[in-house]
Amino acid sequence: MPKKKKKEKVRSESGTGKEVVVYKGATFAEFILPSGYVRMSENPEVRIAVDKIADLVSNMTIHLMENTEKGDKRVKNELSRKIDVNPCRYMTRKTWIYKIVSDLLLHGDGNSIVYPVMRDGLIDELRPLEMQNVGYNCDETGEEYSINYGGRVYTPDEIIHFAMNPSPVYPWKGTGYRIVLRDLIQNLKQANKTKSSFMTGQYMPNIIIRVDAMNEELASEVGREQIKKKYLGEAKPGEPWVIPADLLEVQSVKPLSLQDIAINPSVEIDKRTVAGIIGIPAFFLGVGKFDKDEYNNFVDTRIMGIAQIISQTLTRDLLYSPDWYFKLNPRSLYAYNLTDMVSAGTSMIKLNSMRRNELRDWVGMDPDDEMEELLVLENFLLQEDLSKQNKLKGGEK
C-alpha cells in the first residue's frame, strides 16, 4: 500500500499569515494535472506516430545548395559538413533532427529551439534546448518576444526557433496537438484497461457449479470452500474432474468478448482519428494494410512539410549569402524497389542525362572506371545537327 503523503502548514512568504498546505513527496504534475491524465508521450499510438515521422525526417541528408544561372548545385564545405554530419557534440545529424521533430510534434508543443554555440566567429555546435524548461515573454502587441532558459533571457536573433502550426495570437509561436488529442488519448487508455480486464478474466468466471441441497453449507464462504475441496479436490490444470453424477452439475459459461462489446471498432475509429490529426497513414497504427501510393504521398506531403520547416528555418537563421539555402533530400525515403530504380536510371542514361556510375550508386554498387563515360545513341542529336545525319537525306539519282 503506498504511503500517504504528509502535509504541513507553513506561512506564506508575503507575510499575510495565510496558511498554505504543502504535501511532502508530491510532484508538481500531481497538482496541475487532473486525476487519470495521460501524457501524450505515454500513449502508444501517439509515440508510434511521432517516432515514425521523426525517424523518416532524420534519415534525410541536409544539403547546402547554391543558386546559379544553370540551376541549383550542391555546395560542400565545412558549414555543410557541420550541419549534415556533426551539428552538436555527442550527437549525429540523425539524432539531432530526431530531437527537433520530436519537440515539434510532442515535447515542445509545436516548438523546438536550438542555441548556436559560437567559437572564434564560427559555429561550434547547435545545441538543442530542453523544451520543458523554456518560457516565453512577449510585449503587449505580441510581435516581439524572448525566451527564458536556465535563468537567462535570449532574443530571437540569438536562437534558432523551429515552429509548426502557427498560433493565431502569436504567429512566431507554434502550436501542437495536446488539446486536440486529449479526449482520444483518454478513450484509448480506457480501451486498454478494458482489454486488460478481459484478458485476466478475474471478473468473469467461465464455470458455474450447481449443488443440490446443503443450503446451510453454501451460505458461508467456509462451507463453499469445503464443498470444492470435497468434490473437486486438488485437481491440476488440464486434468479431468471426478464428481458425483446426481449431486453436482457443472455448466460452462461463455464470457463476453471484445467483439461483443464493440470495443474493437471504437478503438479503430480513435486510431484513425489520431493518425489523421498527426498526419500519418493509419496502417502505421495497425489499421488497414500497407499501401505504397499512400506511403509515397505521405512522404511528399507530411514528411516534406516538416522538412521544409527545418530547412527554411536553418536558411533564415544561419546563412548570410542570398544565393545559399539548405535542403533536405527525400529521395531515399520513397518506397522504391530495385526494378523501379534500374528502369528510371536506364531511361536517364539513354537520354544522356546521367552517368552509369550514378545508377550504380543508386543500387548500392561501387563505381567502375569503365562506366564513367556518357553514352549517346545515334538518334539523339542537336537540332542544328539533324542535317548531318546521312540516313535523313534523300538517295542519289
# chains A, B, ... in the order shown; residues from 1 in each chain; ligands from 1
$ residues_around --residues "region 183-191 of chain A" --least-positions-apart "3" --cutoff "9 Å" --atoms "only C-alpha atoms" --output "CSV table (one decimal) with C-alpha atoms, in the first residue's frame"
chain,number,residue,atom,x,y,z
A,36,GLY,CA,-6.2,9.9,-14.6
A,37,TYR,CA,-4.5,12.3,-17.0
A,38,VAL,CA,-2.3,10.6,-19.6
A,39,ARG,CA,0.6,12.4,-21.2
A,40,MET,CA,1.0,12.3,-24.9
A,43,ASN,CA,0.3,7.0,-25.3
A,45,GLU,CA,-0.4,5.4,-30.7
A,46,VAL,CA,1.0,8.9,-30.4
A,179,ILE,CA,-5.6,19.7,-26.6
A,180,VAL,CA,-6.9,18.1,-29.8
A,194,THR,CA,-11.0,-2.8,-20.6
A,195,LYS,CA,-8.9,-5.1,-22.7
A,196,SER,CA,-6.6,-6.0,-19.8
A,263,ILE,CA,-14.6,-2.2,-28.4
A,264,ASN,CA,-12.5,-3.0,-31.5
A,266,SER,CA,-14.3,2.2,-31.5
A,267,VAL,CA,-10.6,1.7,-31.0
A,270,ASP,CA,-9.9,6.5,-32.5
A,271,LYS,CA,-6.7,5.3,-34.1
A,273,THR,CA,-8.5,9.9,-35.9
A,274,VAL,CA,-5.1,10.1,-34.2
$ residues_around --residues "region 125-139 of chain A" --least-positions-apart "2" --cutoff "10 Å" --atoms "only C-alpha atoms" --output "PyMOL selection string"
chain A and resi 82-83+86-89+91+96-97+99-100+103-104+107-109+111-119+122-123+141-151+153-155+159-160+170+173
$ atom_distance --atom1 "CA of Leu56 (chain A)" --atom2 "CA of Arg355 (chain A)"
28.2 Å
$ atom_distance --atom1 "CA of Pro322 (chain A)" --atom2 "CA of Asp120 (chain A)"
23.3 Å
$ atom_distance --atom1 "CA of Pro330 (chain A)" --atom2 "CA of Arg316 (chain A)"
20.7 Å
$ closest_residue --among "A:Leu314, A:Leu285, A:Met365, A:Ala163" --to "Ile269 (chain A)" --atoms "only C-alpha atoms"
A:Leu285
$ closest_residue --among "A:Asn329, A:Thr95, A:Ser353, A:Asn165" --to "Ile278 (chain A)" --atoms "only C-alpha atoms"
A:Asn165
$ closest_residue --among "A:Phe284, A:Leu351, A:Ser80, A:Lys229" --to "Arg47 (chain A)" --atoms "only C-alpha atoms"
A:Phe284
$ residues_around --residues "region 289-304 of chain A" --least-positions-apart "2" --cutoff "8 Å" --atoms "only C-alpha atoms" --output "PyMOL selection string"
chain A and resi 53+56-57+279-281+283+286-287+306-308+330+333-335
